[in-house]
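Read through the structure below, which is laid out as structure tokens, and then see the notes.
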Amino acid sequence: MITVSAPGKLMLLGEHAVVYGQPCLVTAVDRRLSVGVEISGDKSIQINSPGASDTRFVEAAVSEFFKTTKLDNPGLHITTKSEFETSLGFGSSAAVTGATVKALSLVMQKSLTDGEIFDIAYKAVYLVQGLGSGFDVAASVWGGTLYFVTGGKAVEPLAADNMPLIVGYSGVKADTTTMVKMVAEKKKKFPEKVDRIFQAIGKLVNQAKEAMVTGDWGRVGKLMDFNQEYLRDLGVSTQKLEDMISAARAAGAWGAKLSGAGGGDCMIALYPQGIQGKSTIAGAIQEAGGQVIDVGAGAEGVKIEQADNKSV
Ligand code: MEV
């Protein structure tokens, strides 16, 4: 049995625009999902995912892995286990897909680069969802904080240490597909306006990337605030998210915005250094009805947890 784990993710800036070719910034979070794989030799594939009814991503990962590597599937037992609720929007689908591909490469003794793992996992996710930039798959494979362009056209790890990140869950599970389709409809109706928004978001992302590597979190926060205005213009924010974001800002956050597709899931904020700032902002988010989730940014990408296979 080989067990591999991959981190969840949070979008920092650039959601939606990234689907249309603009860059985004994403960070891997220290909540992980693990996948154990062993060869059964009976040609069948058995998937055991306690607490997760959707096994389509694991199935797609298996099928894309064997298709790409042209190896014969000997039969597999696969078990998945998550440290986080799928409802948070931390990217459990991408994490389980990335971890499955890595575990398969180990158990089948097929050496793959991170880029190859990403390509297989992204194809698998796309096969199931039919949309998506792959930023979540990249975070699960490389980890850290990444500057990312759709489909992995650019994947640039950033030295963005000690990110003063605070996360609030809105209590509402977002449906990414619905939100992405809604934005596509809006783009069809108002192509010039929406294109202008996407370009403006792309510029904010590039500026935030520079500010992030110099540790200028005050500036990153301001840029997050601007990003949030554009997301509101796109119609993907909700009253609950707005309340939590306003509360965080009023309590002294450097900046705050929704994270991900919108319509629910999480908001993020950056707090001024000092534990005082963090707890004041956390309290304000809770008072606005949010649930503060304690996560660290820049977590390690896909990695081996346990390998009982002598060949690894
Ligand atoms: C969803 O978390 C982020 C989107 O940009 C979709 C994607 O990039 O795949 C809305």
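Note on naming: chains are A, B, ... as they come in the structure tokens, residues start from 1 per chain, ligands start from 1 in the order shown.
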Selection as a compact mmCIF listing (two decimals) with all heavy atoms, in the first residue's frame: residues within 9 Å of ligand 1 by only C-alpha atoms and all ligand atoms:
# COMPACT_ATOMS: atom_id res chain seq x y z
N LEU A 10 -6.68 27.68 -1.67
CA LEU A 10 -7.54 28.87 -1.63
C LEU A 10 -7.10 29.81 -2.75
O LEU A 10 -5.89 30.07 -2.91
CB LEU A 10 -7.40 29.60 -0.30
CG LEU A 10 -8.24 29.04 0.86
CD1 LEU A 10 -7.78 29.64 2.18
CD2 LEU A 10 -9.73 29.30 0.65
N MET A 11 -8.05 30.30 -3.51
CA MET A 11 -7.75 31.30 -4.53
C MET A 11 -7.48 32.62 -3.82
O MET A 11 -8.27 33.03 -2.95
CB MET A 11 -8.95 31.43 -5.47
CG MET A 11 -8.79 32.46 -6.54
SD MET A 11 -7.56 32.01 -7.77
CE MET A 11 -8.60 31.25 -9.02
N GLY A 14 -7.88 36.63 -8.69
CA GLY A 14 -7.95 36.30 -10.11
C GLY A 14 -9.00 35.29 -10.52
O GLY A 14 -9.02 34.87 -11.69
N GLU A 15 -9.87 34.85 -9.59
CA GLU A 15 -10.89 33.87 -9.98
C GLU A 15 -11.77 34.41 -11.12
O GLU A 15 -11.91 35.62 -11.30
CB GLU A 15 -11.77 33.43 -8.80
CG GLU A 15 -12.33 34.53 -7.93
CD GLU A 15 -11.38 34.88 -6.80
OE1 GLU A 15 -11.46 34.30 -5.71
OE2 GLU A 15 -10.55 35.78 -7.05
N HIS A 16 -12.33 33.52 -11.86
CA HIS A 16 -13.16 33.76 -13.05
C HIS A 16 -12.32 34.30 -14.22
O HIS A 16 -12.33 33.70 -15.29
CB HIS A 16 -14.35 34.68 -12.74
CG HIS A 16 -15.39 33.97 -11.92
ND1 HIS A 16 -16.15 32.95 -12.43
CD2 HIS A 16 -15.75 34.11 -10.62
CE1 HIS A 16 -16.96 32.50 -11.47
NE2 HIS A 16 -16.72 33.17 -10.36
N ALA A 17 -11.56 35.39 -14.00
CA ALA A 17 -10.74 35.92 -15.10
C ALA A 17 -9.75 34.85 -15.58
O ALA A 17 -9.42 34.78 -16.77
CB ALA A 17 -10.00 37.17 -14.64
N VAL A 18 -9.29 33.99 -14.65
CA VAL A 18 -8.31 32.96 -15.00
C VAL A 18 -8.89 31.96 -16.01
O VAL A 18 -8.17 31.41 -16.85
CB VAL A 18 -7.77 32.23 -13.72
CG1 VAL A 18 -8.83 31.40 -13.03
CG2 VAL A 18 -6.58 31.34 -14.05
N VAL A 19 -10.20 31.76 -15.97
CA VAL A 19 -10.84 30.83 -16.92
C VAL A 19 -10.70 31.38 -18.35
O VAL A 19 -10.71 30.63 -19.32
CB VAL A 19 -12.33 30.64 -16.54
CG1 VAL A 19 -13.05 29.74 -17.53
CG2 VAL A 19 -12.46 30.10 -15.12
N TYR A 20 -10.52 32.71 -18.48
CA TYR A 20 -10.46 33.35 -19.79
C TYR A 20 -9.04 33.84 -20.11
O TYR A 20 -8.85 34.81 -20.84
CB TYR A 20 -11.47 34.51 -19.84
CG TYR A 20 -12.88 33.99 -19.70
CD1 TYR A 20 -13.47 33.84 -18.44
CD2 TYR A 20 -13.61 33.56 -20.82
CE1 TYR A 20 -14.75 33.31 -18.30
CE2 TYR A 20 -14.88 33.04 -20.68
CZ TYR A 20 -15.44 32.91 -19.42
OH TYR A 20 -16.70 32.38 -19.28
N CYS A 24 -3.75 34.05 -12.24
CA CYS A 24 -4.33 34.13 -10.90
C CYS A 24 -3.24 33.80 -9.88
O CYS A 24 -2.15 33.37 -10.24
CB CYS A 24 -5.51 33.17 -10.75
SG CYS A 24 -5.03 31.44 -10.60
N GLY A 89 -15.03 24.26 -0.04
CA GLY A 89 -14.51 24.82 -1.29
C GLY A 89 -12.99 24.83 -1.30
O GLY A 89 -12.37 25.66 -1.98
N PHE A 90 -12.37 23.92 -0.56
CA PHE A 90 -10.90 23.85 -0.54
C PHE A 90 -10.34 23.01 -1.69
O PHE A 90 -9.14 22.77 -1.73
CB PHE A 90 -10.41 23.26 0.80
CG PHE A 90 -10.40 24.24 1.94
CD1 PHE A 90 -10.84 25.55 1.78
CD2 PHE A 90 -9.94 23.86 3.18
CE1 PHE A 90 -10.83 26.45 2.84
CE2 PHE A 90 -9.90 24.75 4.25
CZ PHE A 90 -10.35 26.05 4.09
N GLY A 91 -11.19 22.54 -2.58
CA GLY A 91 -10.68 21.84 -3.75
C GLY A 91 -10.42 20.37 -3.54
O GLY A 91 -9.39 19.84 -3.96
N LEU A 131 -15.14 21.95 -17.32
CA LEU A 131 -14.66 23.33 -17.25
C LEU A 131 -13.66 23.47 -16.12
O LEU A 131 -13.50 22.56 -15.31
CB LEU A 131 -15.82 24.32 -17.06
CG LEU A 131 -16.83 24.06 -15.94
CD1 LEU A 131 -16.34 24.57 -14.61
CD2 LEU A 131 -18.15 24.74 -16.29
N GLY A 132 -13.01 24.64 -16.09
CA GLY A 132 -12.06 24.91 -14.99
C GLY A 132 -10.68 25.22 -15.53
O GLY A 132 -10.27 24.70 -16.57
N SER A 133 -9.97 26.09 -14.82
CA SER A 133 -8.65 26.53 -15.26
C SER A 133 -7.55 25.55 -14.85
O SER A 133 -6.46 25.57 -15.42
CB SER A 133 -8.34 27.89 -14.66
OG SER A 133 -8.31 27.80 -13.23
N GLY A 134 -7.81 24.74 -13.80
CA GLY A 134 -6.79 23.81 -13.30
C GLY A 134 -5.93 24.42 -12.20
O GLY A 134 -4.98 23.78 -11.73
N PHE A 135 -6.27 25.63 -11.72
CA PHE A 135 -5.47 26.27 -10.66
C PHE A 135 -5.46 25.43 -9.39
O PHE A 135 -4.46 25.38 -8.68
CB PHE A 135 -6.01 27.69 -10.35
CG PHE A 135 -7.22 27.68 -9.46
CD1 PHE A 135 -7.11 28.02 -8.12
CD2 PHE A 135 -8.45 27.29 -9.93
CE1 PHE A 135 -8.21 27.99 -7.28
CE2 PHE A 135 -9.56 27.25 -9.09
CZ PHE A 135 -9.44 27.58 -7.77
N ASP A 136 -6.58 24.74 -9.14
CA ASP A 136 -6.69 23.91 -7.94
C ASP A 136 -5.84 22.64 -8.06
O ASP A 136 -5.24 22.17 -7.09
CB ASP A 136 -8.17 23.57 -7.64
CG ASP A 136 -8.95 23.18 -8.88
OD1 ASP A 136 -8.36 23.11 -9.98
OD2 ASP A 136 -10.16 22.95 -8.76
N THR A 150 -4.16 29.56 -16.95
CA THR A 150 -5.04 28.42 -17.25
C THR A 150 -4.37 27.26 -18.00
O THR A 150 -3.57 27.47 -18.91
CB THR A 150 -6.31 28.91 -18.00
OG1 THR A 150 -7.23 27.83 -18.06
CG2 THR A 150 -6.02 29.37 -19.41
N THR A 176 -19.54 25.68 -8.18
CA THR A 176 -18.61 26.32 -9.12
C THR A 176 -19.15 26.31 -10.54
O THR A 176 -19.09 27.33 -11.25
CB THR A 176 -17.24 25.60 -9.07
OG1 THR A 176 -16.76 25.67 -7.72
CG2 THR A 176 -16.23 26.24 -9.98
N THR A 177 -19.69 25.16 -10.97
CA THR A 177 -20.16 25.05 -12.36
C THR A 177 -21.23 26.10 -12.64
O THR A 177 -21.18 26.79 -13.67
CB THR A 177 -20.73 23.63 -12.60
OG1 THR A 177 -19.71 22.71 -12.24
CG2 THR A 177 -21.12 23.41 -14.03
N MET A 179 -21.74 28.95 -11.11
CA MET A 179 -21.17 30.31 -11.09
C MET A 179 -20.36 30.58 -12.37
O MET A 179 -20.43 31.68 -12.92
CB MET A 179 -20.28 30.51 -9.86
CG MET A 179 -20.97 30.33 -8.52
SD MET A 179 -22.52 31.23 -8.34
CE MET A 179 -21.96 32.90 -8.17
N VAL A 180 -19.58 29.61 -12.81
CA VAL A 180 -18.77 29.80 -14.03
C VAL A 180 -19.70 29.99 -15.24
O VAL A 180 -19.47 30.84 -16.11
CB VAL A 180 -17.78 28.63 -14.24
CG1 VAL A 180 -17.11 28.69 -15.60
CG2 VAL A 180 -16.72 28.63 -13.14
N VAL A 183 -21.23 33.51 -15.21
CA VAL A 183 -20.30 34.52 -15.71
C VAL A 183 -20.19 34.41 -17.24
O VAL A 183 -20.13 35.43 -17.94
CB VAL A 183 -18.91 34.39 -15.01
CG1 VAL A 183 -17.87 35.28 -15.67
CG2 VAL A 183 -19.04 34.73 -13.53
N SER A 259 -13.27 34.16 -2.01
CA SER A 259 -12.23 33.29 -2.57
C SER A 259 -12.89 32.14 -3.31
O SER A 259 -13.64 31.37 -2.70
CB SER A 259 -11.33 32.76 -1.46
OG SER A 259 -10.46 31.76 -1.95
N GLY A 260 -12.63 32.04 -4.61
CA GLY A 260 -13.21 30.94 -5.39
C GLY A 260 -14.31 31.44 -6.31
O GLY A 260 -14.32 32.59 -6.73
N ALA A 261 -15.25 30.57 -6.57
CA ALA A 261 -16.26 30.89 -7.58
C ALA A 261 -17.28 31.92 -7.11
O ALA A 261 -17.96 32.57 -7.91
CB ALA A 261 -16.98 29.61 -7.99
N GLY A 262 -17.43 32.09 -5.80
CA GLY A 262 -18.47 32.99 -5.28
C GLY A 262 -19.78 32.25 -5.09
O GLY A 262 -19.83 31.03 -5.27
Rows by chain and residue number, stretch 85-168 of chain A within 10 Å of stretch 285-294 of chain A, shortest pair, only C-alpha atoms, as a tab-separated table:
residue	atom	partner	partner_atom	distance
A:Leu88	CA	A:Ile293	CA	9.4
A:Leu165	CA	A:Asp294	CA	9.2
A:Ile166	CA	A:Asp294	CA	7.2
A:Val167	CA	A:Ile293	CA	5.5
A:Gly168	CA	A:Val292	CA	4.4
Selected residues, all heavy atoms, written as an mmCIF file, in the first residue's frame, please.
data_model
loop_
_atom_site.group_PDB
_atom_site.id
_atom_site.type_symbol
_atom_site.label_atom_id
_atom_site.label_comp_id
_atom_site.auth_asym_id
_atom_site.auth_seq_id
_atom_site.Cartn_x
_atom_site.Cartn_y
_atom_site.Cartn_z
ATOM 1 N N LEU A 88 -16.322 23.114 2.100
ATOM 2 C CA LEU A 88 -15.592 24.364 2.320
ATOM 3 C C LEU A 88 -15.110 25.026 1.035
ATOM 4 O O LEU A 88 -14.769 26.208 1.033
ATOM 5 C CB LEU A 88 -14.364 24.111 3.219
ATOM 6 C CG LEU A 88 -14.634 23.748 4.668
ATOM 7 C CD1 LEU A 88 -13.327 23.401 5.371
ATOM 8 C CD2 LEU A 88 -15.293 24.915 5.388
ATOM 9 N N LEU A 165 -2.892 35.305 6.601
ATOM 10 C CA LEU A 165 -4.186 34.976 5.992
ATOM 11 C C LEU A 165 -5.208 34.519 7.028
ATOM 12 O O LEU A 165 -4.898 33.730 7.913
ATOM 13 C CB LEU A 165 -3.961 33.842 4.982
ATOM 14 C CG LEU A 165 -5.136 33.428 4.113
ATOM 15 C CD1 LEU A 165 -5.467 34.500 3.079
ATOM 16 C CD2 LEU A 165 -4.830 32.112 3.392
ATOM 17 N N ILE A 166 -6.419 35.010 6.879
ATOM 18 C CA ILE A 166 -7.507 34.564 7.740
ATOM 19 C C ILE A 166 -8.663 34.165 6.823
ATOM 20 O O ILE A 166 -8.895 34.794 5.793
ATOM 21 C CB ILE A 166 -7.857 35.677 8.751
ATOM 22 C CG1 ILE A 166 -8.762 35.179 9.852
ATOM 23 C CG2 ILE A 166 -8.424 36.894 8.145
ATOM 24 C CD1 ILE A 166 -8.640 36.029 11.102
ATOM 25 N N VAL A 167 -9.337 33.076 7.185
ATOM 26 C CA VAL A 167 -10.346 32.509 6.295
ATOM 27 C C VAL A 167 -11.683 32.392 7.010
ATOM 28 O O VAL A 167 -11.755 31.882 8.128
ATOM 29 C CB VAL A 167 -9.910 31.087 5.835
ATOM 30 C CG1 VAL A 167 -10.917 30.493 4.853
ATOM 31 C CG2 VAL A 167 -8.531 31.116 5.212
ATOM 32 N N GLY A 168 -12.736 32.859 6.368
ATOM 33 C CA GLY A 168 -14.074 32.743 6.944
ATOM 34 C C GLY A 168 -15.000 31.977 5.998
ATOM 35 O O GLY A 168 -15.098 32.300 4.810
#
Would you tabulate, counting only C-alpha atoms, all residues of stretch 153-248 of chain A that have an atom at most 10 Å from an atom of stretch 296-299 of chain A, showing the closest pair of atoms and their distance in Å to one decimal, sorted by chain then ascending number, as JSON lines?
{"residue": "A:Pro157", "atom": "CA", "partner": "A:Gly298", "partner_atom": "CA", "distance": 9.8}
{"residue": "A:Leu158", "atom": "CA", "partner": "A:Gly298", "partner_atom": "CA", "distance": 9.3}
{"residue": "A:Ala159", "atom": "CA", "partner": "A:Gly298", "partner_atom": "CA", "distance": 9.2}
{"residue": "A:Ala160", "atom": "CA", "partner": "A:Gly298", "partner_atom": "CA", "distance": 7.7}
{"residue": "A:Asp161", "atom": "CA", "partner": "A:Gly298", "partner_atom": "CA", "distance": 7.4}
{"residue": "A:Asn162", "atom": "CA", "partner": "A:Ala297", "partner_atom": "CA", "distance": 7.9}
{"residue": "A:Met163", "atom": "CA", "partner": "A:Ala297", "partner_atom": "CA", "distance": 6.5}
{"residue": "A:Pro164", "atom": "CA", "partner": "A:Ala297", "partner_atom": "CA", "distance": 8.5}
{"residue": "A:Leu165", "atom": "CA", "partner": "A:Ala297", "partner_atom": "CA", "distance": 7.1}
{"residue": "A:Ile166", "atom": "CA", "partner": "A:Gly296", "partner_atom": "CA", "distance": 8.6}
{"residue": "A:Val167", "atom": "CA", "partner": "A:Gly296", "partner_atom": "CA", "distance": 9.6}
Write the residues of the selection above to a file with C-alpha atoms, as a PDB file, in the first residue's frame.
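again30.pdb, freshly written:
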ATOM      1  CA  PRO A 157       6.106  29.230  -7.415  1.00  0.00           C
ATOM      2  CA  LEU A 158       6.340  32.454  -5.387  1.00  0.00           C
ATOM      3  CA  ALA A 159       8.365  33.085  -2.248  1.00  0.00           C
ATOM      4  CA  ALA A 160       5.382  34.425  -0.317  1.00  0.00           C
ATOM      5  CA  ASP A 161       6.276  33.415   3.229  1.00  0.00           C
ATOM      6  CA  ASN A 162       4.322  34.144   6.411  1.00  0.00           C
ATOM      7  CA  MET A 163       1.151  35.156   4.636  1.00  0.00           C
ATOM      8  CA  PRO A 164      -1.115  36.755   7.292  1.00  0.00           C
ATOM      9  CA  LEU A 165      -4.186  34.976   5.992  1.00  0.00           C
ATOM     10  CA  ILE A 166      -7.507  34.564   7.740  1.00  0.00           C
ATOM     11  CA  VAL A 167     -10.346  32.509   6.295  1.00  0.00           C
TER      12      VAL A 167
END
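Shortest separation to A:Asp175 among A:Gln239, A:Val213, A:Thr86, A:Lys153 occurs at residue A:Thr86, atoms counted being only C-alpha atoms.
Nearest-residue note for A:Glu242: choosing from A:Ser170, A:Ser82, A:Asn206, A:Ser279, the minimum distance belongs to A:Ser170, counting only C-alpha atoms.
Checking A:Thr100, A:Ala60, A:Lys110, A:Gly171 one by one against A:Lys123, counting only C-alpha atoms, you find the shortest gap at A:Ala60.
In this comparison, which uses only C-alpha atoms, the residue of A:Gly21, A:Val155, A:Val295, A:Lys189 approaching A:Gly143 most closely is A:Val155.
Residues of stretch 166-199 of chain A assigned to alpha helix (DSSP H) by DSSP on this structure's backbone: Thr176, Thr177, Thr178, Met179, Val180, Lys181, Met182, Val183, Ala184, Glu185, Lys186, Lys187, Lys188, Lys189, Pro191, Glu192, Lys193, Val194, Asp195, Arg196, Ile197, Phe198 and Gln199 of chain A.
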Non-local contacts of A:Ala256 (7 Å; only C-alpha atoms; under 5 positions in same chain excluded) as a ChimeraX atom specification: /A:221,224-225,245,248-249,268-270
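Going from atom CA of A:Ala52 over to atom CA of A:Ser93, you cover 10.3 Å.
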10 Å contact set for A:Ala208, only C-alpha atoms, chain neighbours under 2 positions out, as number ranges by chain: A: 12-13, 24-25, 202-206, 210-214, 216-217, 219-224
Within 7 Å of A:Glu156 using only C-alpha atoms, minus same-chain residues under 5 positions, as a PyMOL selection string: chain A and resi 146-148
Non-local contacts of A:Phe57 (7 Å; only C-alpha atoms; under 5 positions in same chain excluded) as a list in words: Ser93, Thr97, Ala124, Val125 and Val128 of chain A
List every residue of stretch 7-180 of chain A that DSSP, applied to the backbone, labels as strand (DSSP E or B), and write the result as a tab-separated table (two decimals) with N, CA, C and O atoms, in the first residue's frame.
chain	number	residue	atom	x	y	z
A	7	PRO	N	-2.56	18.78	-0.79
A	7	PRO	CA	-3.22	19.84	-0.02
A	7	PRO	C	-4.46	20.39	-0.71
A	7	PRO	O	-4.60	20.27	-1.93
A	8	GLY	N	-5.32	21.02	0.08
A	8	GLY	CA	-6.41	21.82	-0.48
A	8	GLY	C	-5.86	23.17	-0.90
A	8	GLY	O	-4.66	23.43	-0.78
A	9	LYS	N	-6.73	24.05	-1.39
A	9	LYS	CA	-6.25	25.35	-1.90
A	9	LYS	C	-7.21	26.48	-1.56
A	9	LYS	O	-8.38	26.25	-1.22
A	10	LEU	N	-6.68	27.68	-1.67
A	10	LEU	CA	-7.54	28.87	-1.63
A	10	LEU	C	-7.10	29.81	-2.75
A	10	LEU	O	-5.89	30.07	-2.91
A	11	MET	N	-8.05	30.30	-3.51
A	11	MET	CA	-7.75	31.30	-4.53
A	11	MET	C	-7.48	32.62	-3.82
A	11	MET	O	-8.27	33.03	-2.95
A	12	LEU	N	-6.37	33.27	-4.16
A	12	LEU	CA	-6.04	34.55	-3.51
A	12	LEU	C	-6.55	35.73	-4.34
A	12	LEU	O	-7.19	36.64	-3.82
A	13	LEU	N	-6.26	35.72	-5.62
A	13	LEU	CA	-6.77	36.77	-6.53
A	13	LEU	C	-6.91	36.16	-7.93
A	13	LEU	O	-6.12	35.30	-8.31
A	24	CYS	N	-3.75	34.05	-12.24
A	24	CYS	CA	-4.33	34.13	-10.90
A	24	CYS	C	-3.24	33.80	-9.88
A	24	CYS	O	-2.15	33.37	-10.24
A	25	LEU	N	-3.56	34.03	-8.61
A	25	LEU	CA	-2.66	33.65	-7.51
A	25	LEU	C	-3.41	32.69	-6.61
A	25	LEU	O	-4.54	32.96	-6.20
A	26	VAL	N	-2.80	31.55	-6.33
A	26	VAL	CA	-3.44	30.52	-5.50
A	26	VAL	C	-2.45	30.04	-4.45
A	26	VAL	O	-1.24	30.02	-4.70
A	27	THR	N	-2.96	29.69	-3.29
A	27	THR	CA	-2.07	29.11	-2.27
A	27	THR	C	-2.60	27.75	-1.81
A	27	THR	O	-3.83	27.55	-1.75
A	28	ALA	N	-1.69	26.83	-1.54
A	28	ALA	CA	-2.08	25.51	-1.01
A	28	ALA	C	-2.26	25.65	0.50
A	28	ALA	O	-1.47	26.34	1.15
A	29	VAL	N	-3.28	25.04	1.06
A	29	VAL	CA	-3.53	25.16	2.51
A	29	VAL	C	-3.17	23.86	3.23
A	29	VAL	O	-3.18	22.78	2.63
A	30	ASP	N	-2.89	24.01	4.54
A	30	ASP	CA	-2.40	22.85	5.29
A	30	ASP	C	-3.53	21.94	5.80
A	30	ASP	O	-3.50	21.49	6.93
A	31	ARG	N	-4.51	21.72	4.97
A	31	ARG	CA	-5.51	20.67	5.20
A	31	ARG	C	-5.37	19.73	4.01
A	31	ARG	O	-5.44	20.19	2.86
A	32	ARG	N	-5.17	18.44	4.31
A	32	ARG	CA	-4.79	17.52	3.23
A	32	ARG	C	-5.80	16.41	3.00
A	32	ARG	O	-6.64	16.11	3.86
A	33	LEU	N	-5.69	15.84	1.84
A	33	LEU	CA	-6.52	14.70	1.47
A	33	LEU	C	-5.58	13.57	1.08
A	33	LEU	O	-4.61	13.81	0.36
A	34	SER	N	-5.81	12.37	1.60
A	34	SER	CA	-4.86	11.30	1.26
A	34	SER	C	-5.52	10.18	0.46
A	34	SER	O	-6.72	9.93	0.57
A	35	VAL	N	-4.68	9.54	-0.34
A	35	VAL	CA	-5.13	8.45	-1.20
A	35	VAL	C	-4.16	7.28	-1.03
A	35	VAL	O	-2.95	7.44	-1.19
A	36	GLY	N	-4.69	6.11	-0.68
A	36	GLY	CA	-3.87	4.91	-0.56
A	36	GLY	C	-4.18	3.99	-1.75
A	36	GLY	O	-5.34	3.79	-2.09
A	37	VAL	N	-3.13	3.47	-2.37
A	37	VAL	CA	-3.34	2.58	-3.52
A	37	VAL	C	-2.53	1.31	-3.33
A	37	VAL	O	-1.36	1.35	-2.95
A	38	GLU	N	-3.17	0.17	-3.60
A	38	GLU	CA	-2.40	-1.09	-3.64
A	38	GLU	C	-2.87	-1.93	-4.82
A	38	GLU	O	-4.02	-1.84	-5.24
A	39	ILE	N	-1.91	-2.70	-5.32
A	39	ILE	CA	-2.23	-3.55	-6.47
A	39	ILE	C	-2.94	-4.79	-5.96
A	39	ILE	O	-2.46	-5.47	-5.05
A	45	ILE	N	-11.21	-2.45	-10.22
A	45	ILE	CA	-10.83	-1.28	-9.44
A	45	ILE	C	-11.85	-1.10	-8.33
A	45	ILE	O	-13.05	-0.93	-8.61
A	46	GLN	N	-11.39	-1.18	-7.10
A	46	GLN	CA	-12.30	-0.97	-5.95
A	46	GLN	C	-11.93	0.32	-5.26
A	46	GLN	O	-10.77	0.52	-4.90
A	47	ILE	N	-12.92	1.19	-5.13
A	47	ILE	CA	-12.66	2.49	-4.50
A	47	ILE	C	-13.46	2.59	-3.21
A	47	ILE	O	-14.67	2.38	-3.20
A	48	ASN	N	-12.75	2.91	-2.14
A	48	ASN	CA	-13.38	3.05	-0.84
A	48	ASN	C	-13.17	4.49	-0.37
A	48	ASN	O	-12.05	4.89	-0.05
A	76	LEU	N	-6.74	-2.63	-8.85
A	76	LEU	CA	-6.31	-1.75	-7.76
A	76	LEU	C	-7.34	-1.64	-6.65
A	76	LEU	O	-8.55	-1.67	-6.92
A	77	HIS	N	-6.83	-1.50	-5.43
A	77	HIS	CA	-7.67	-1.11	-4.30
A	77	HIS	C	-7.27	0.32	-3.95
A	77	HIS	O	-6.11	0.58	-3.68
A	78	ILE	N	-8.25	1.22	-3.94
A	78	ILE	CA	-7.95	2.63	-3.66
A	78	ILE	C	-8.80	3.10	-2.49
A	78	ILE	O	-10.01	2.87	-2.45
A	79	THR	N	-8.15	3.77	-1.54
A	79	THR	CA	-8.88	4.32	-0.38
A	79	THR	C	-8.57	5.80	-0.27
A	79	THR	O	-7.40	6.20	-0.40
A	80	THR	N	-9.59	6.62	-0.05
A	80	THR	CA	-9.35	8.06	0.12
A	80	THR	C	-9.80	8.51	1.50
A	80	THR	O	-10.73	7.93	2.08
A	81	LYS	N	-9.16	9.56	2.00
A	81	LYS	CA	-9.51	10.10	3.32
A	81	LYS	C	-9.19	11.59	3.32
A	81	LYS	O	-8.11	12.00	2.89
A	82	SER	N	-10.16	12.39	3.79
A	82	SER	CA	-9.96	13.85	3.76
A	82	SER	C	-9.92	14.45	5.16
A	82	SER	O	-10.68	14.04	6.03
A	143	GLY	N	1.97	22.68	-4.60
A	143	GLY	CA	1.87	23.30	-3.28
A	143	GLY	C	2.41	24.72	-3.29
A	143	GLY	O	2.60	25.31	-4.36
A	145	THR	N	2.69	28.80	-2.91
A	145	THR	CA	1.83	29.86	-3.46
A	145	THR	C	2.26	30.03	-4.91
A	145	THR	O	3.46	30.12	-5.20
A	146	LEU	N	1.29	30.00	-5.83
A	146	LEU	CA	1.61	29.95	-7.25
A	146	LEU	C	0.97	31.09	-8.03
A	146	LEU	O	-0.16	31.49	-7.75
A	147	TYR	N	1.71	31.55	-9.03
A	147	TYR	CA	1.18	32.42	-10.08
A	147	TYR	C	0.84	31.45	-11.20
A	147	TYR	O	1.70	30.67	-11.64
A	148	PHE	N	-0.41	31.45	-11.63
A	148	PHE	CA	-0.87	30.37	-12.51
A	148	PHE	C	-1.67	30.92	-13.69
A	148	PHE	O	-2.49	31.82	-13.53
A	149	VAL	N	-1.43	30.35	-14.87
A	149	VAL	CA	-2.24	30.68	-16.05
A	149	VAL	C	-2.92	29.41	-16.53
A	149	VAL	O	-2.32	28.33	-16.52
A	154	ALA	N	1.39	28.77	-17.42
A	154	ALA	CA	2.44	29.30	-16.52
A	154	ALA	C	2.15	28.77	-15.13
A	154	ALA	O	1.01	28.81	-14.67
A	155	VAL	N	3.19	28.23	-14.50
A	155	VAL	CA	3.08	27.81	-13.10
A	155	VAL	C	4.35	28.31	-12.42
A	155	VAL	O	5.43	27.77	-12.65
A	156	GLU	N	4.22	29.38	-11.67
A	156	GLU	CA	5.40	30.01	-11.09
A	156	GLU	C	5.31	30.01	-9.57
A	156	GLU	O	4.47	30.73	-9.01
A	157	PRO	N	6.13	29.20	-8.88
A	157	PRO	CA	6.11	29.23	-7.42
A	157	PRO	C	6.63	30.58	-6.90
A	157	PRO	O	7.63	31.08	-7.42
A	158	LEU	N	5.95	31.15	-5.92
A	158	LEU	CA	6.34	32.45	-5.39
A	158	LEU	C	6.86	32.30	-3.96
A	158	LEU	O	6.30	31.52	-3.19
A	165	LEU	N	-2.89	35.31	6.60
A	165	LEU	CA	-4.19	34.98	5.99
A	165	LEU	C	-5.21	34.52	7.03
A	165	LEU	O	-4.90	33.73	7.91
A	166	ILE	N	-6.42	35.01	6.88
A	166	ILE	CA	-7.51	34.56	7.74
A	166	ILE	C	-8.66	34.17	6.82
A	166	ILE	O	-8.90	34.79	5.79
A	167	VAL	N	-9.34	33.08	7.19
A	167	VAL	CA	-10.35	32.51	6.29
A	167	VAL	C	-11.68	32.39	7.01
A	167	VAL	O	-11.76	31.88	8.13
A	168	GLY	N	-12.74	32.86	6.37
A	168	GLY	CA	-14.07	32.74	6.94
A	168	GLY	C	-15.00	31.98	6.00
A	168	GLY	O	-15.10	32.30	4.81
A	169	TYR	N	-15.65	30.95	6.54
A	169	TYR	CA	-16.60	30.16	5.72
A	169	TYR	C	-17.99	30.76	5.88
A	169	TYR	O	-18.44	31.03	7.00
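Note that the spacing between atom CA of A:Lys102 and atom CA of A:Glu83 amounts to 18.5 Å.
In terms of minimum interatomic distance to A:Ala95, A:Ser140 ranks closest within A:Thr178, A:Ser140, A:Ser111, A:Thr69, counting only C-alpha atoms.
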